[in-house]
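Novice: Got a structure for you, upload_11.cif, holding mmCIF, C-alpha atoms.
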```
data_query
loop_
_atom_site.group_PDB
_atom_site.id
_atom_site.type_symbol
_atom_site.label_atom_id
_atom_site.label_comp_id
_atom_site.auth_asym_id
_atom_site.auth_seq_id
_atom_site.Cartn_x
_atom_site.Cartn_y
_atom_site.Cartn_z
ATOM 1 C CA ASP A 3 -78.272 39.904 36.360
ATOM 2 C CA ASP A 4 -76.159 40.496 33.257
ATOM 3 C CA LEU A 5 -74.859 43.858 34.477
ATOM 4 C CA ASP A 6 -73.627 42.366 37.746
ATOM 5 C CA LEU A 7 -71.977 39.518 35.879
ATOM 6 C CA ALA A 8 -70.312 41.940 33.445
ATOM 7 C CA PHE A 9 -69.036 43.987 36.383
ATOM 8 C CA PHE A 10 -67.293 40.981 37.929
ATOM 9 C CA TYR A 11 -65.771 39.899 34.614
ATOM 10 C CA GLN A 12 -64.423 43.424 34.138
ATOM 11 C CA ILE A 13 -62.777 43.716 37.548
ATOM 12 C CA CYS A 14 -61.105 40.299 37.650
ATOM 13 C CA ASP A 15 -57.579 39.640 36.396
ATOM 14 C CA VAL A 16 -57.992 35.905 35.829
ATOM 15 C CA PHE A 17 -61.097 33.728 35.568
ATOM 16 C CA LEU A 18 -60.958 30.341 37.339
ATOM 17 C CA LEU A 19 -63.122 27.310 36.594
ATOM 18 C CA ASN A 20 -61.470 24.411 38.340
ATOM 19 C CA SER A 21 -64.116 21.755 38.269
ATOM 20 C CA THR A 22 -63.707 18.291 39.698
ATOM 21 C CA ASN A 23 -65.092 15.137 38.120
ATOM 22 C CA ASP A 24 -67.337 13.123 40.429
ATOM 23 C CA GLY A 25 -68.215 9.760 38.919
ATOM 24 C CA ILE A 26 -70.430 10.404 35.922
ATOM 25 C CA ASN A 27 -70.748 14.099 36.811
ATOM 26 C CA PHE A 28 -68.247 16.404 35.131
ATOM 27 C CA GLU A 29 -67.961 19.889 33.705
ATOM 28 C CA GLY A 30 -69.265 20.170 30.179
ATOM 29 C CA PHE A 31 -67.840 22.688 27.746
ATOM 30 C CA GLY A 32 -67.107 25.567 30.113
ATOM 31 C CA LEU A 33 -69.016 28.290 28.282
ATOM 32 C CA VAL A 34 -68.343 30.755 31.103
ATOM 33 C CA ILE A 35 -64.674 30.706 30.112
ATOM 34 C CA LEU A 36 -65.616 32.128 26.715
ATOM 35 C CA GLU A 37 -67.784 34.705 28.492
ATOM 36 C CA ALA A 38 -64.753 35.825 30.522
ATOM 37 C CA ASN A 39 -62.675 35.821 27.332
ATOM 38 C CA GLN A 40 -65.125 38.296 25.802
ATOM 39 C CA PHE A 41 -63.974 40.708 28.486
ATOM 40 C CA GLY A 42 -60.317 39.994 27.632
ATOM 41 C CA LYS A 43 -59.785 37.853 30.725
ATOM 42 C CA PRO A 44 -57.510 34.809 30.602
ATOM 43 C CA ALA A 45 -58.764 31.629 32.273
ATOM 44 C CA VAL A 46 -57.456 28.747 34.330
ATOM 45 C CA GLY A 47 -59.501 25.559 34.221
ATOM 46 C CA SER A 48 -59.366 21.819 34.865
ATOM 47 C CA ARG A 49 -58.120 19.099 32.553
ATOM 48 C CA ASP A 50 -59.988 15.848 31.903
ATOM 49 C CA CYS A 51 -63.390 17.420 31.261
ATOM 50 C CA GLY A 52 -65.071 19.656 28.697
ATOM 51 C CA ILE A 53 -63.106 22.708 29.811
ATOM 52 C CA GLU A 54 -60.239 21.473 27.635
ATOM 53 C CA ASP A 55 -62.235 22.565 24.584
ATOM 54 C CA ALA A 56 -62.603 26.103 25.954
ATOM 55 C CA ILE A 57 -58.927 26.752 26.786
ATOM 56 C CA GLU A 58 -55.955 26.665 24.458
ATOM 57 C CA GLU A 59 -52.741 26.556 26.481
ATOM 58 C CA GLY A 60 -50.946 29.906 26.437
ATOM 59 C CA VAL A 61 -53.501 31.485 24.092
ATOM 60 C CA ASN A 62 -56.489 32.256 26.309
ATOM 61 C CA GLY A 63 -55.377 30.560 29.523
ATOM 62 C CA TYR A 64 -53.976 27.395 31.066
ATOM 63 C CA LEU A 65 -55.245 23.988 32.093
ATOM 64 C CA THR A 66 -54.561 22.485 35.512
ATOM 65 C CA GLU A 67 -54.777 19.097 37.129
ATOM 66 C CA GLN A 68 -57.956 18.491 39.099
ATOM 67 C CA ARG A 69 -57.626 18.645 42.885
ATOM 68 C CA ASN A 70 -54.178 20.244 42.655
ATOM 69 C CA PRO A 71 -54.163 23.685 44.322
ATOM 70 C CA ALA A 72 -50.412 24.075 43.740
ATOM 71 C CA ASP A 73 -50.897 23.631 39.986
ATOM 72 C CA ILE A 74 -53.801 26.109 39.980
ATOM 73 C CA ARG A 75 -51.707 28.655 41.852
ATOM 74 C CA ALA A 76 -48.751 28.142 39.510
ATOM 75 C CA LYS A 77 -50.924 28.788 36.446
ATOM 76 C CA VAL A 78 -52.501 31.901 37.991
ATOM 77 C CA ASP A 79 -49.049 33.179 38.951
ATOM 78 C CA LYS A 80 -47.830 32.503 35.417
ATOM 79 C CA ILE A 81 -50.627 34.615 33.958
ATOM 80 C CA LEU A 82 -50.197 37.453 36.434
ATOM 81 C CA SER A 83 -46.410 37.591 36.257
ATOM 82 C CA SER A 84 -45.785 37.139 32.545
ATOM 83 C CA ARG A 85 -48.750 38.884 30.963
ATOM 84 C CA HIS A 86 -47.856 37.170 27.666
ATOM 85 C CA ILE A 87 -51.454 36.107 27.089
ATOM 86 C CA THR A 88 -52.814 39.143 25.302
ATOM 87 C CA GLU A 89 -56.335 40.379 24.739
ATOM 88 C CA GLU A 90 -55.679 39.866 21.017
ATOM 89 C CA SER A 91 -54.842 36.175 21.462
ATOM 90 C CA ILE A 92 -57.842 35.730 23.760
ATOM 91 C CA HIS A 93 -60.103 37.433 21.209
ATOM 92 C CA SER A 94 -58.794 35.313 18.327
ATOM 93 C CA PHE A 95 -59.523 32.152 20.327
ATOM 94 C CA TYR A 96 -63.036 32.850 21.559
ATOM 95 C CA THR A 97 -64.256 34.157 18.202
ATOM 96 C CA LYS A 98 -63.772 30.625 16.842
ATOM 97 C CA PHE A 99 -66.891 29.755 18.825
ATOM 98 C CA ASP A 100 -69.182 32.310 17.187
ATOM 99 C CA TRP A 101 -72.665 30.757 16.857
ATOM 100 C CA ASP A 102 -72.744 31.199 13.070
ATOM 101 C CA LYS A 103 -69.393 29.413 12.692
ATOM 102 C CA THR A 104 -70.431 26.681 15.102
ATOM 103 C CA VAL A 105 -73.721 26.024 13.305
ATOM 104 C CA LYS A 106 -71.950 25.917 9.925
ATOM 105 C CA LYS A 107 -69.491 23.343 11.288
ATOM 106 C CA PHE A 108 -72.327 21.178 12.605
ATOM 107 C CA ILE A 109 -74.114 21.317 9.263
ATOM 108 C CA GLU A 110 -70.895 20.406 7.431
ATOM 109 C CA GLU A 111 -70.338 17.415 9.698
ATOM 110 C CA TYR A 112 -73.928 16.232 9.374
ATOM 111 C CA ARG A 113 -73.740 16.546 5.583
ATOM 112 C CA LYS A 114 -70.574 14.451 5.568
ATOM 113 C CA LYS A 115 -72.486 11.758 7.381
ATOM 114 C CA CYS A 116 -75.481 12.062 4.985
ATOM 115 C CA ILE A 117 -77.857 13.065 7.766
ATOM 116 C CA ILE A 118 -78.748 16.384 6.150
ATOM 117 C CA LYS A 119 -78.787 16.489 2.342
ATOM 118 C CA THR A 120 -80.034 20.047 1.771
ATOM 119 C CA CYS A 121 -80.673 23.187 3.781
#
```
Could you render the structure as structure tokens?
Specialist:
Amino acid sequence: DDLDLAFFYQICDVFLLNSTNDGINFEGFGLVILEANQFGKPAVGSRDCGIEDAIEEGVNGYLTEQRNPADIRAKVDKILSSRHITEESIHSFYTKFDWDKTVKKFIEEYRKKCIIKTC
């Protein structure tokens, strides 16, 4: 449940989502990264999929090459040893994805394309 999930986010130091593309199957956006960010946790996730939209290098985490355990380990070590990714930088990143802001952006884009004329 949500309490169990919150517990695990709170006790971790780094959140990992290292998905691997498999033909037409791939990780979408990586919403769980933003969930971990809400708890101030930096993330390490895979390149070449939707996770790239959920991680800004050095701000809320790092991206790694798929199927490359050495790269994953290097990025985790970088987070744990440097501690230069701060809760403030993580917070400033994930708040960009607030639902109100996201909906407003969608409406703006649709209006630009003349799909929605009024709200």
Novice: Quick one: distance from atom CA of A:Asn62 to atom CA of A:Leu82 in Å, one decimal?
Specialist: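 One can read the atom CA of A:Asn62 to atom CA of A:Leu82 distance as 13.0 Å.
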Novice: Taking the file as shown, what set of residues would the PyMOL selection byres ((chain A and resi 32-48) around 7) give back, as a PyMOL selection string?
Specialist: chain A and resi 11-12+15-21+29-31+49-53+56+62-68+77-78+89+92-93+96
Novice: Just how far from atom CA of A:Glu59 is atom CA of A:Ile109, in Å to one decimal?
Specialist: 27.9 Å
Novice: Quick check, in Å to one decimal: how far apart do atom CA of A:Glu90 and atom CA of A:Cys14 lie?
Specialist: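 Result for atom CA of A:Glu90 versus atom CA of A:Cys14: 17.5 Å, one decimal.
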Novice: Pick the closest to A:Ile57 from A:Ser91, A:Ser84, A:Thr104, A:Asn27: which is it, counting only C-alpha atoms?
Specialist: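 When distances to A:Ile57 are compared using only C-alpha atoms, the smallest one comes from A:Ser91.
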